[in-house]
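Text of the file start-v8.txt, holding compact mmCIF, C-alpha atoms and all ligand atoms:
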# COMPACT_ATOMS: atom_id res chain seq x y z
CA MET A 1 0.00 0.00 0.00
CA GLU A 2 1.16 3.49 -0.82
CA THR A 3 0.67 6.38 1.57
CA VAL A 4 0.84 9.95 0.33
CA LEU A 5 2.40 12.28 2.87
CA GLN A 6 1.14 15.73 1.98
CA PHE A 7 3.10 18.80 3.05
CA PRO A 8 1.59 22.22 3.84
CA ALA A 9 1.05 24.85 1.16
CA ASN A 10 4.05 27.21 0.90
CA PHE A 11 6.46 24.50 2.06
CA LEU A 12 9.88 25.15 0.54
CA TRP A 13 11.48 22.33 -1.43
CA GLY A 14 15.00 23.23 -2.30
CA THR A 15 18.55 22.23 -3.05
CA ALA A 16 21.71 23.31 -1.23
CA THR A 17 25.30 24.10 -2.30
CA SER A 18 28.25 26.10 -0.96
CA PRO A 19 30.68 28.39 -2.82
CA THR A 20 33.93 26.48 -2.20
CA GLN A 21 32.32 23.20 -3.20
CA VAL A 22 30.76 24.24 -6.50
CA GLU A 23 31.89 27.65 -7.76
CA GLY A 24 35.60 27.36 -8.55
CA HIS A 25 37.96 30.36 -9.05
CA ILE A 26 38.01 31.24 -5.34
CA GLN A 27 40.91 32.50 -3.23
CA ASN A 28 40.44 31.13 0.27
CA GLU A 29 42.14 28.55 2.51
CA TRP A 30 40.82 25.72 0.34
CA THR A 31 42.44 26.93 -2.89
CA ASP A 32 45.78 25.24 -2.14
CA PHE A 33 44.32 22.39 -0.13
CA THR A 34 44.86 18.91 -1.54
CA ALA A 35 42.06 16.51 -0.68
CA GLN A 36 42.49 12.81 0.13
CA ASP A 37 41.78 11.89 -3.50
CA GLY A 38 44.61 14.17 -4.67
CA ASN A 39 42.21 16.78 -6.06
CA HIS A 40 41.53 20.45 -5.37
CA CYS A 41 38.60 22.84 -5.68
CA ARG A 42 40.12 25.40 -8.03
CA ILE A 43 37.53 24.72 -10.73
CA ALA A 44 35.09 22.52 -8.79
CA CYS A 45 31.81 22.48 -10.82
CA ASP A 46 32.57 25.88 -12.37
CA HIS A 47 29.20 26.98 -11.04
CA TYR A 48 30.64 30.52 -10.87
CA HIS A 49 30.31 30.67 -14.66
CA ARG A 50 27.56 28.14 -15.20
CA TYR A 51 24.96 29.31 -12.71
CA PRO A 52 22.38 30.23 -15.38
CA GLU A 53 22.45 26.64 -16.62
CA ASP A 54 22.36 25.30 -13.06
CA ILE A 55 19.31 27.40 -12.25
CA GLY A 56 17.75 25.82 -15.33
CA TRP A 57 18.39 22.40 -13.76
CA MET A 58 16.69 23.56 -10.56
CA GLN A 59 13.65 24.49 -12.63
CA GLN A 60 13.65 21.03 -14.16
CA LEU A 61 13.67 19.59 -10.64
CA GLY A 62 10.61 21.64 -9.76
CA THR A 63 12.19 23.16 -6.66
CA ASN A 64 10.95 26.47 -5.25
CA ALA A 65 13.97 27.33 -3.07
CA HIS A 66 17.76 27.21 -3.14
CA ARG A 67 20.27 27.59 -0.30
CA PHE A 68 23.71 28.80 -1.37
CA GLY A 69 26.58 30.86 -0.06
CA ILE A 70 27.97 34.25 -0.92
CA GLU A 71 31.76 34.04 -0.81
CA TRP A 72 33.17 36.66 1.52
CA SER A 73 36.66 36.48 -0.05
CA ARG A 74 35.25 37.70 -3.38
CA LEU A 75 33.60 40.75 -1.87
CA GLN A 76 36.22 42.31 0.37
CA SER A 77 39.98 42.62 0.06
CA ALA A 78 40.63 43.92 3.59
CA PRO A 79 38.72 44.45 6.83
CA PHE A 80 36.07 47.17 6.44
CA ALA A 81 36.87 47.64 2.73
CA PRO A 82 34.00 48.58 0.43
CA LEU A 83 32.40 45.67 -1.41
CA ASN A 84 33.79 44.69 -4.79
CA GLN A 85 31.11 45.94 -7.18
CA LYS A 86 31.78 43.43 -9.94
CA GLU A 87 31.47 40.46 -7.58
CA LEU A 88 28.44 41.99 -5.96
CA ALA A 89 26.80 42.33 -9.37
CA HIS A 90 27.53 38.63 -9.94
CA TYR A 91 25.60 37.56 -6.84
CA VAL A 92 22.80 40.05 -7.53
CA ASP A 93 22.42 38.38 -10.91
CA VAL A 94 22.36 34.91 -9.33
CA ILE A 95 19.61 36.05 -6.96
CA ASP A 96 17.61 37.86 -9.65
CA ARG A 97 17.67 34.80 -11.87
CA LEU A 98 16.61 32.52 -9.01
CA ARG A 99 13.71 34.80 -8.17
CA ALA A 100 12.69 35.11 -11.80
CA ALA A 101 12.56 31.30 -11.89
CA GLY A 102 10.26 31.24 -8.85
CA ILE A 103 13.04 29.98 -6.58
CA THR A 104 13.31 31.54 -3.11
CA PRO A 105 16.95 32.21 -2.20
CA MET A 106 18.39 31.39 1.24
CA VAL A 107 21.80 33.04 1.58
CA VAL A 108 24.56 31.51 3.70
CA LEU A 109 27.14 34.02 4.92
CA HIS A 110 29.83 31.66 6.20
CA HIS A 111 30.39 28.11 5.01
CA PHE A 112 33.74 26.67 6.21
CA ALA A 113 35.87 29.38 4.53
CA ASN A 114 37.34 32.81 5.20
CA PRO A 115 39.12 35.47 3.12
CA PRO A 116 42.93 35.05 3.20
CA TRP A 117 43.41 38.21 5.30
CA ILE A 118 41.08 36.82 7.95
CA ASN A 119 43.01 33.54 8.04
CA ALA A 120 46.33 35.37 8.19
CA ALA A 121 45.13 37.06 11.37
CA GLY A 122 44.11 33.79 13.04
CA GLY A 123 40.64 33.27 11.57
CA TRP A 124 37.85 32.91 14.10
CA THR A 125 40.26 32.39 17.00
CA ASN A 126 40.84 36.16 16.77
CA PRO A 127 38.06 38.35 18.25
CA ALA A 128 38.85 41.02 15.62
CA THR A 129 37.14 38.76 13.08
CA ILE A 130 33.77 39.55 14.69
CA PRO A 131 33.54 43.26 13.75
CA ALA A 132 35.09 42.54 10.34
CA PHE A 133 32.38 39.98 9.60
CA VAL A 134 29.59 42.19 10.92
CA ASP A 135 30.78 45.05 8.72
CA TYR A 136 30.74 42.75 5.69
CA VAL A 137 27.21 41.63 6.53
CA ARG A 138 26.06 45.22 7.05
CA GLN A 139 27.24 46.23 3.59
CA LEU A 140 25.84 43.14 1.92
CA VAL A 141 22.42 43.27 3.51
CA ALA A 142 22.05 46.93 2.60
CA VAL A 143 22.22 45.84 -1.06
CA LEU A 144 20.19 42.63 -0.84
CA LYS A 145 17.50 43.50 1.71
CA ASP A 146 14.72 43.70 -0.88
CA LYS A 147 15.74 40.50 -2.67
CA VAL A 148 16.64 38.05 0.10
CA THR A 149 14.43 37.24 3.09
CA LEU A 150 16.13 34.11 4.44
CA TRP A 151 19.58 34.68 5.96
CA ASN A 152 21.71 31.86 7.25
CA THR A 153 24.68 33.41 9.08
CA PHE A 154 26.85 30.38 9.86
CA ASN A 155 26.74 26.93 8.33
CA GLU A 156 27.61 24.26 10.88
CA PRO A 157 29.91 26.17 13.23
CA ASP A 158 30.12 22.80 15.06
CA THR A 159 31.60 20.93 12.08
CA TYR A 160 33.86 23.83 11.16
CA ALA A 161 35.37 24.30 14.63
CA CYS A 162 35.53 20.56 15.29
CA VAL A 163 37.14 19.43 12.03
CA ALA A 164 39.50 22.44 11.79
CA TYR A 165 40.64 22.57 15.45
CA LEU A 166 40.02 19.11 16.96
CA LEU A 167 40.25 16.54 14.17
CA GLY A 168 42.67 18.28 11.80
CA GLY A 169 40.65 17.61 8.64
CA PHE A 170 39.94 21.21 7.53
CA PRO A 171 42.47 24.04 7.32
CA PRO A 172 44.23 25.12 9.52
CA GLN A 173 44.34 21.38 10.43
CA HIS A 174 44.95 21.74 14.15
CA LYS A 175 44.43 18.73 16.40
CA TRP A 176 42.85 18.58 19.85
CA GLN A 177 43.01 22.33 20.42
CA LEU A 178 39.97 22.39 22.68
CA GLY A 179 40.65 25.98 23.75
CA GLN A 180 40.68 27.13 20.11
CA PHE A 181 37.54 25.12 19.40
CA ARG A 182 35.69 26.89 22.20
CA ARG A 183 37.03 30.29 21.22
CA VAL A 184 35.93 29.84 17.61
CA ILE A 185 32.43 28.85 18.70
CA ASP A 186 32.22 31.72 21.14
CA HIS A 187 33.34 34.28 18.55
CA MET A 188 30.99 32.93 15.91
CA ALA A 189 28.09 32.98 18.33
CA ARG A 190 28.81 36.60 19.15
CA ALA A 191 29.12 37.42 15.46
CA HIS A 192 25.80 35.69 14.81
CA ALA A 193 24.04 37.76 17.46
CA GLN A 194 25.50 41.03 16.13
CA ALA A 195 24.93 40.18 12.46
CA SER A 196 21.39 39.14 13.24
CA ARG A 197 20.68 42.51 14.84
CA VAL A 198 22.07 44.28 11.77
CA ILE A 199 20.07 42.12 9.35
CA ARG A 200 16.78 42.53 11.19
CA ARG A 201 17.23 46.25 11.73
CA THR A 202 18.02 46.78 8.05
CA GLY A 203 14.93 44.80 7.12
CA HIS A 204 12.80 46.67 9.60
CA GLU A 205 13.90 50.06 8.22
CA ALA A 206 12.98 48.85 4.75
CA GLY A 207 9.58 47.65 5.98
CA ARG A 208 10.42 43.96 5.59
CA LYS A 209 10.76 41.12 8.06
CA LEU A 210 14.05 39.37 7.40
CA GLU A 211 14.61 35.92 8.87
CA VAL A 212 17.94 34.94 10.46
CA GLY A 213 19.32 31.67 11.77
CA ILE A 214 22.34 29.40 11.86
CA ALA A 215 22.48 25.88 10.43
CA LYS A 216 23.22 23.43 13.24
CA ASN A 217 24.53 20.05 12.25
CA TRP A 218 22.89 17.65 14.66
CA THR A 219 24.61 14.29 14.85
CA PHE A 220 23.56 11.58 17.30
CA PHE A 221 26.51 10.01 19.15
CA HIS A 222 25.83 6.61 20.67
CA ALA A 223 27.82 3.74 22.16
CA TYR A 224 27.85 0.59 20.05
CA GLN A 225 27.75 -1.53 23.20
CA ARG A 226 25.32 0.04 25.56
CA PHE A 227 27.15 -1.23 28.63
CA SER A 228 30.67 -0.31 27.60
CA PRO A 229 31.66 2.62 29.86
CA TRP A 230 34.39 3.69 27.39
CA ASP A 231 32.11 3.82 24.40
CA ARG A 232 29.52 5.65 26.44
CA LEU A 233 32.07 8.16 27.63
CA THR A 234 33.31 8.81 24.09
CA ALA A 235 29.74 9.23 22.86
CA PHE A 236 28.88 11.56 25.71
CA ALA A 237 32.01 13.71 25.24
CA SER A 238 31.27 14.00 21.51
CA HIS A 239 27.65 14.92 22.11
CA TYR A 240 28.59 17.42 24.76
CA THR A 241 31.20 19.18 22.62
CA PHE A 242 29.56 19.02 19.22
CA ASN A 243 25.87 19.38 20.07
CA LYS A 244 25.25 20.75 23.53
CA PHE A 245 28.07 23.27 23.81
CA VAL A 246 27.39 24.70 20.35
CA LEU A 247 23.61 24.84 20.73
CA ASP A 248 23.93 26.59 24.09
CA ALA A 249 26.45 29.08 22.69
CA PHE A 250 24.21 30.10 19.79
CA LEU A 251 20.72 29.65 21.18
CA GLY A 252 20.95 29.35 24.97
CA GLY A 253 19.45 31.97 27.29
CA TRP A 254 19.15 35.47 25.79
CA ARG A 255 20.93 34.31 22.64
CA ARG A 256 17.74 32.56 21.50
CA ARG A 257 16.45 36.00 20.57
CA ALA A 258 19.27 36.35 18.02
CA SER A 259 17.49 33.87 15.73
CA THR A 260 14.09 33.92 14.07
CA PHE A 261 14.49 30.34 12.84
CA ILE A 262 16.70 27.30 13.34
CA GLY A 263 18.41 25.66 10.39
CA LEU A 264 18.96 21.96 10.94
CA ASN A 265 21.46 19.95 8.92
CA TYR A 266 20.63 16.35 9.67
CA TYR A 267 22.41 13.32 8.25
CA GLY A 268 22.42 10.61 10.93
CA ARG A 269 24.49 9.17 13.73
CA VAL A 270 27.92 7.99 14.81
CA ARG A 271 28.35 4.95 17.05
CA PHE A 272 31.59 4.28 18.93
CA HIS A 273 33.26 0.93 19.45
CA HIS A 274 36.53 0.78 21.41
CA PHE A 275 36.88 4.57 21.00
CA ALA A 276 36.60 4.34 17.20
CA ALA A 277 33.83 6.09 15.26
CA MET A 278 32.12 3.38 13.22
CA ILE A 279 31.42 5.39 10.12
CA PRO A 280 32.73 5.35 6.56
CA ALA A 281 33.93 8.97 6.91
CA SER A 282 36.43 7.73 9.52
CA GLY A 283 37.67 4.96 7.26
CA ALA A 284 35.45 2.01 8.25
CA PRO A 285 34.38 0.21 5.06
CA VAL A 286 30.62 0.34 4.34
CA LYS A 287 30.54 -3.44 3.78
CA ARG A 288 32.16 -4.23 7.12
CA LEU A 289 29.76 -1.90 8.88
CA ARG A 290 26.93 -3.78 7.21
CA ASP A 291 28.12 -6.95 8.99
CA PHE A 292 27.56 -5.10 12.27
CA GLY A 293 24.02 -4.35 11.12
CA PHE A 294 24.73 -0.69 10.33
CA VAL A 295 23.04 1.09 7.42
CA CYS A 296 25.43 3.77 6.16
CA ASP A 297 25.87 5.99 3.16
CA ASP A 298 29.49 6.74 2.23
CA MET A 299 29.74 9.11 5.23
CA VAL A 300 27.72 8.26 8.35
CA GLU A 301 25.19 5.81 9.75
CA ARG A 302 21.62 6.49 8.70
CA TYR A 303 19.19 7.05 11.50
CA PRO A 304 15.91 8.39 10.08
CA VAL A 305 14.05 8.20 13.39
CA GLY A 306 16.60 10.72 14.66
CA MET A 307 15.03 13.33 12.38
CA GLU A 308 11.85 13.43 14.42
CA LYS A 309 13.72 13.08 17.70
CA ILE A 310 15.87 16.12 17.13
CA LEU A 311 13.03 18.13 15.59
CA SER A 312 10.82 17.52 18.58
CA TYR A 313 13.68 18.44 20.96
CA LEU A 314 14.46 21.71 19.15
CA HIS A 315 10.78 22.59 18.99
CA ARG A 316 10.19 21.93 22.69
CA ARG A 317 13.28 23.82 23.73
CA PHE A 318 13.22 26.87 21.46
CA HIS A 319 9.76 27.25 19.88
CA LEU A 320 11.24 28.61 16.67
CA PRO A 321 10.33 27.70 13.09
CA ILE A 322 12.77 25.19 11.60
CA TYR A 323 14.15 24.64 8.12
CA ILE A 324 15.94 21.43 7.21
CA THR A 325 18.82 23.34 5.66
CA GLU A 326 20.58 20.10 4.62
CA HIS A 327 19.83 16.44 4.33
CA GLY A 328 21.22 14.04 1.74
CA ALA A 329 23.10 10.80 1.20
CA ALA A 330 26.35 10.04 -0.64
CA SER A 331 26.28 6.76 -2.51
CA ASN A 332 26.41 5.31 -5.98
CA ASP A 333 23.40 3.18 -5.06
CA GLU A 334 20.48 5.30 -6.13
CA SER A 335 17.76 3.04 -4.73
CA PHE A 336 19.48 3.26 -1.34
CA ARG A 337 19.40 7.05 -1.62
CA GLU A 338 15.72 6.99 -2.52
CA ARG A 339 14.92 4.85 0.53
CA ASP A 340 16.98 7.12 2.74
CA LEU A 341 15.27 10.26 1.47
CA LYS A 342 11.79 8.84 1.89
CA GLN A 343 12.47 7.46 5.35
CA ASN A 344 13.80 10.81 6.49
CA LEU A 345 10.89 12.71 4.93
CA ALA A 346 8.42 10.32 6.58
CA SER A 347 10.11 11.03 9.91
CA LEU A 348 9.99 14.77 9.20
CA HIS A 349 6.30 14.47 8.29
CA ARG A 350 5.51 12.67 11.55
CA SER A 351 7.10 15.45 13.56
CA MET A 352 5.12 18.07 11.63
CA ALA A 353 1.92 16.12 12.26
CA ALA A 354 2.85 16.27 15.95
CA GLY A 355 3.05 20.06 15.78
CA VAL A 356 6.66 20.93 14.91
CA ASP A 357 6.77 24.03 12.68
CA VAL A 358 9.04 23.00 9.77
CA ARG A 359 8.99 25.41 6.83
CA GLY A 360 11.22 23.80 4.23
CA PHE A 361 13.66 21.10 3.19
CA PHE A 362 16.86 21.60 1.18
CA TYR A 363 18.45 18.55 -0.39
CA TRP A 364 22.23 18.33 -0.11
CA SER A 365 23.21 18.67 -2.85
CA LEU A 366 22.09 20.02 -6.19
CA MET A 367 25.07 18.35 -7.82
CA ASP A 368 28.12 16.19 -7.12
CA ASN A 369 30.83 18.50 -5.84
CA PHE A 370 34.06 19.01 -3.89
CA GLU A 371 33.39 17.32 -0.55
CA TRP A 372 36.12 19.10 1.44
CA GLN A 373 38.91 16.75 2.67
CA PHE A 374 37.37 13.87 0.69
CA GLY A 375 37.58 15.60 -2.67
CA TYR A 376 35.24 14.35 -5.40
CA THR A 377 34.69 10.82 -4.06
CA LYS A 378 31.42 11.46 -2.22
CA LYS A 379 28.45 11.58 -4.55
CA PHE A 380 25.72 13.68 -2.91
CA GLY A 381 24.29 15.19 -6.09
CA LEU A 382 20.83 15.06 -7.61
CA LEU A 383 22.82 15.87 -10.73
CA ALA A 384 25.95 13.97 -11.68
CA VAL A 385 28.92 16.03 -12.87
CA ASP A 386 31.46 14.36 -15.15
CA PHE A 387 34.70 15.70 -13.66
CA ALA A 388 36.78 13.77 -16.20
CA ASP A 389 35.35 15.90 -18.99
CA GLU A 390 36.69 19.45 -18.93
CA LYS A 391 33.27 20.75 -19.98
CA LEU A 392 31.94 19.38 -16.66
CA PRO A 393 28.63 18.21 -18.14
CA ARG A 394 25.72 17.73 -15.72
CA SER A 395 23.12 14.99 -16.00
CA LEU A 396 20.12 13.93 -13.96
CA LYS A 397 20.51 10.93 -11.66
CA PRO A 398 17.55 8.65 -10.86
CA LEU A 399 17.09 10.38 -7.48
CA ALA A 400 16.45 13.65 -9.31
CA GLY A 401 13.25 12.15 -10.74
CA VAL A 402 12.15 11.05 -7.27
CA TYR A 403 12.83 14.48 -5.82
CA GLU A 404 11.12 16.21 -8.72
CA ARG A 405 7.92 14.30 -8.06
CA ILE A 406 8.08 15.20 -4.36
CA CYS A 407 8.57 18.89 -5.18
CA ARG A 408 5.82 19.01 -7.81
CA GLU A 409 3.26 17.11 -5.72
CA ASN A 410 4.34 18.78 -2.47
CA ALA A 411 4.04 15.26 -1.14
CA CYS A 412 6.12 12.17 -0.56
CA ARG A 413 4.81 8.71 -1.50
CA VAL A 414 5.96 5.95 0.81
CA GLU A 415 5.21 2.23 1.01
CA SER A 416 3.34 1.34 4.16
C1 LIG B 501 27.65 19.27 5.69
C2 LIG B 501 28.25 20.51 5.05
C3 LIG B 501 28.21 20.49 3.54
C4 LIG B 501 28.54 19.12 3.01
C5 LIG B 501 27.63 18.10 3.63
C6 LIG B 501 27.83 16.71 3.10
O1 LIG B 501 28.29 19.04 6.90
O2 LIG B 501 27.57 21.65 5.49
O3 LIG B 501 29.09 21.46 3.06
O4 LIG B 501 29.87 18.84 3.26
O5 LIG B 501 27.84 18.08 5.01
As structure tokens, what does this structure read like?
Amino acid sequence: METVLQFPANFLWGTATSPTQVEGHIQNEWTDFTAQDGNHCRIACDHYHRYPEDIGWMQQLGTNAHRFGIEWSRLQSAPFAPLNQKELAHYVDVIDRLRAAGITPMVVLHHFANPPWINAAGGWTNPATIPAFVDYVRQLVAVLKDKVTLWNTFNEPDTYACVAYLLGGFPPQHKWQLGQFRRVIDHMARAHAQASRVIRRTGHEAGRKLEVGIAKNWTFFHAYQRFSPWDRLTAFASHYTFNKFVLDAFLGGWRRRASTFIGLNYYGRVRFHHFAAMIPASGAPVKRLRDFGFVCDDMVERYPVGMEKILSYLHRRFHLPIYITEHGAASNDESFRERDLKQNLASLHRSMAAGVDVRGFFYWSLMDNFEWQFGYTKKFGLLAVDFADEKLPRSLKPLAGVYERICRENACRVES
């Protein structure tokens, strides 16, 4: 039997990307970074030049929203410098074309990358980055206030601070610098609160209500053996650092008022066995994990019921509208990806039926792209990109057809 899970009118169905991963021709800390597959992001998907075509693909998918980043390093050459008018015109054109295609833009202001002059001064470990960022936001919002309503200040500050300062996977590749991790989170949380004030005030003066939020990556951390004290301790420490500390910094106490929505990036969970994270992203082979009874994509364990668990927690605690700013699976097995998407949407639908105010869902990602330290090996796209061909041709994958039907029907069909 097939059940049709209908979503509310005005629900946003979108795709998500980030500048470093798709645009190419960027000067930031990733430009000279060599990923595990030996590749770099200097051209990536060349979305910087091919965005009109890519917006055409979004139209084919039937989406009505798109979440993407504006690259700070293109727009300023020094702290407090005026915005580069040519680059600004580029992003204005991107936004105008999206809107003309009936696609609501959600702009991300920081997605794992900084201008070189920010990095040279210590990045987000330096408190001077806060006013520099807020000044950038002030100038940008003054230009875009009538075109963009949805503002996402920071994408996954948790992942950024954790992988750059604890795990050593992202530049500057520091390991176990807990003090730096905490400082980065603290500075970003302060920057979020200040930027949010600027964005909302600018909107208010223009007679528009602008929405502001971060995107929190929520990952469940569990012990593989429930009674192993070591696995439980590792899981608890990970949860405490990655989830609790970050959520409290950005949304705890008075800081809750700095957001009008919560962006949730939800992929799944990590279980620990003898201190090791049992996920493909940490090197455990998908097939071996299957022997343990784990269902994984090429990154983490899938845990669709977690979607409703975390949604209900965020709703109870903060009473703010929520957007699923990212969900997706990396795999060459398209029927697996279809199952994963539908199971997660069914979980999302259950939480909405129980009263959680979710306003939209953005699939990660529009197209296969540069997956940070993993390079081009992780296939998250609705569109495939042939990176072996210098023309970088795009083509629809089977999952694109599934997603298109969901977007057009504003409903998800699941077997029951
Ligand atoms: C999220 C990131 C995004 C991409 C996906 C797979 O953590 O925000 O850039 O890497 O994971």
task: Write as a PyMOL selection string the residues around ligand LIG 501 (chain B), taking 9 Å as the cut-off and counting only C-alpha atoms and all ligand atoms.
output: chain A and resi 16-18+20-21+111-112+155-156+159-160+215+217+265-267+299+325-330+364-365+370-372+378+380
Discussion item. Could you list, as a VMD selection string, every residue within 9 Å of stretch 221-234 of chain A, counting all atoms listed in the file and ignoring same-chain residues fewer than 3 positions away?
Written reply: chain A and resid 237 to 239 269 to 276 278
### Task
Considering only C-alpha atoms, state which residue in the set A:Gly293, A:Gly203, A:Gly360, A:Gly14 is at the smallest distance from A:Leu264.
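Checking each candidate against A:Leu264, we get A:Gly360 as the closest.
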Measuring between only C-alpha atoms, which one of A:Trp30, A:Phe292, A:Phe374, A:Phe361 shows the shortest distance to A:Ile322?
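When distances to A:Ile322 are compared using only C-alpha atoms, the smallest one comes from A:Phe361.
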Counting all atoms listed in the file, closest pick from A:Thr241, A:Ser335, A:Gln139, A:Gln180 relative to A:Asn126 is A:Gln180
My structure is short of atoms at stretch 378-402 of chain A; please model N, CA and C atoms there, returning them as a PDB file, keeping the file's coordinate frame.
ATOM      1  N   LYS A 378      32.718  11.636  -2.875  1.00  0.00           N
ATOM      2  CA  LYS A 378      31.420  11.460  -2.220  1.00  0.00           C
ATOM      3  C   LYS A 378      30.317  12.039  -3.098  1.00  0.00           C
ATOM      4  N   LYS A 379      29.427  11.171  -3.525  1.00  0.00           N
ATOM      5  CA  LYS A 379      28.450  11.580  -4.550  1.00  0.00           C
ATOM      6  C   LYS A 379      27.097  11.928  -3.920  1.00  0.00           C
ATOM      7  N   PHE A 380      26.946  13.205  -3.555  1.00  0.00           N
ATOM      8  CA  PHE A 380      25.720  13.680  -2.910  1.00  0.00           C
ATOM      9  C   PHE A 380      24.715  14.281  -3.895  1.00  0.00           C
ATOM     10  N   GLY A 381      25.080  14.376  -5.166  1.00  0.00           N
ATOM     11  CA  GLY A 381      24.290  15.190  -6.090  1.00  0.00           C
ATOM     12  C   GLY A 381      22.957  14.585  -6.516  1.00  0.00           C
ATOM     13  N   LEU A 382      22.001  15.478  -6.832  1.00  0.00           N
ATOM     14  CA  LEU A 382      20.830  15.060  -7.610  1.00  0.00           C
ATOM     15  C   LEU A 382      21.254  15.017  -9.070  1.00  0.00           C
ATOM     16  N   LEU A 383      22.223  15.887  -9.393  1.00  0.00           N
ATOM     17  CA  LEU A 383      22.820  15.870 -10.730  1.00  0.00           C
ATOM     18  C   LEU A 383      24.217  15.252 -10.613  1.00  0.00           C
ATOM     19  N   ALA A 384      24.573  14.448 -11.598  1.00  0.00           N
ATOM     20  CA  ALA A 384      25.950  13.970 -11.680  1.00  0.00           C
ATOM     21  C   ALA A 384      26.753  15.017 -12.449  1.00  0.00           C
ATOM     22  N   VAL A 385      28.013  15.171 -12.099  1.00  0.00           N
ATOM     23  CA  VAL A 385      28.920  16.030 -12.870  1.00  0.00           C
ATOM     24  C   VAL A 385      30.060  15.137 -13.340  1.00  0.00           C
ATOM     25  N   ASP A 386      30.357  15.181 -14.631  1.00  0.00           N
ATOM     26  CA  ASP A 386      31.460  14.360 -15.150  1.00  0.00           C
ATOM     27  C   ASP A 386      32.760  15.166 -15.020  1.00  0.00           C
ATOM     28  N   PHE A 387      33.490  14.922 -13.926  1.00  0.00           N
ATOM     29  CA  PHE A 387      34.700  15.700 -13.660  1.00  0.00           C
ATOM     30  C   PHE A 387      35.855  15.305 -14.577  1.00  0.00           C
ATOM     31  N   ALA A 388      35.726  14.190 -15.273  1.00  0.00           N
ATOM     32  CA  ALA A 388      36.780  13.770 -16.200  1.00  0.00           C
ATOM     33  C   ALA A 388      36.702  14.549 -17.515  1.00  0.00           C
ATOM     34  N   ASP A 389      35.559  15.138 -17.756  1.00  0.00           N
ATOM     35  CA  ASP A 389      35.350  15.900 -18.990  1.00  0.00           C
ATOM     36  C   ASP A 389      35.519  17.373 -18.641  1.00  0.00           C
ATOM     37  N   GLU A 390      36.416  18.070 -19.349  1.00  0.00           N
ATOM     38  CA  GLU A 390      36.690  19.450 -18.930  1.00  0.00           C
ATOM     39  C   GLU A 390      35.481  20.379 -19.100  1.00  0.00           C
ATOM     40  N   LYS A 391      34.491  19.933 -19.864  1.00  0.00           N
ATOM     41  CA  LYS A 391      33.270  20.750 -19.980  1.00  0.00           C
ATOM     42  C   LYS A 391      32.347  20.560 -18.784  1.00  0.00           C
ATOM     43  N   LEU A 392      32.696  19.636 -17.895  1.00  0.00           N
ATOM     44  CA  LEU A 392      31.940  19.380 -16.660  1.00  0.00           C
ATOM     45  C   LEU A 392      30.429  19.222 -16.917  1.00  0.00           C
ATOM     46  N   PRO A 393      30.064  18.339 -17.843  1.00  0.00           N
ATOM     47  CA  PRO A 393      28.630  18.210 -18.140  1.00  0.00           C
ATOM     48  C   PRO A 393      27.843  17.654 -16.953  1.00  0.00           C
ATOM     49  N   ARG A 394      26.639  18.195 -16.767  1.00  0.00           N
ATOM     50  CA  ARG A 394      25.720  17.730 -15.720  1.00  0.00           C
ATOM     51  C   ARG A 394      24.717  16.784 -16.342  1.00  0.00           C
ATOM     52  N   SER A 395      24.225  15.841 -15.543  1.00  0.00           N
ATOM     53  CA  SER A 395      23.120  14.990 -16.000  1.00  0.00           C
ATOM     54  C   SER A 395      22.287  14.570 -14.798  1.00  0.00           C
ATOM     55  N   LEU A 396      21.026  14.290 -15.054  1.00  0.00           N
ATOM     56  CA  LEU A 396      20.120  13.930 -13.960  1.00  0.00           C
ATOM     57  C   LEU A 396      20.398  12.504 -13.495  1.00  0.00           C
ATOM     58  N   LYS A 397      20.420  12.295 -12.186  1.00  0.00           N
ATOM     59  CA  LYS A 397      20.510  10.930 -11.660  1.00  0.00           C
ATOM     60  C   LYS A 397      19.079  10.449 -11.366  1.00  0.00           C
ATOM     61  N   PRO A 398      18.907   9.147 -11.169  1.00  0.00           N
ATOM     62  CA  PRO A 398      17.550   8.650 -10.860  1.00  0.00           C
ATOM     63  C   PRO A 398      16.905   9.384  -9.662  1.00  0.00           C
ATOM     64  N   LEU A 399      17.682   9.710  -8.648  1.00  0.00           N
ATOM     65  CA  LEU A 399      17.090  10.380  -7.480  1.00  0.00           C
ATOM     66  C   LEU A 399      16.474  11.734  -7.840  1.00  0.00           C
ATOM     67  N   ALA A 400      16.998  12.360  -8.884  1.00  0.00           N
ATOM     68  CA  ALA A 400      16.450  13.650  -9.310  1.00  0.00           C
ATOM     69  C   ALA A 400      14.976  13.495  -9.692  1.00  0.00           C
ATOM     70  N   GLY A 401      14.650  12.401 -10.355  1.00  0.00           N
ATOM     71  CA  GLY A 401      13.250  12.150 -10.740  1.00  0.00           C
ATOM     72  C   GLY A 401      12.369  11.962  -9.516  1.00  0.00           C
ATOM     73  N   VAL A 402      12.903  11.273  -8.519  1.00  0.00           N
ATOM     74  CA  VAL A 402      12.150  11.050  -7.270  1.00  0.00           C
ATOM     75  C   VAL A 402      11.900  12.389  -6.586  1.00  0.00           C
TER      76      VAL A 402
END
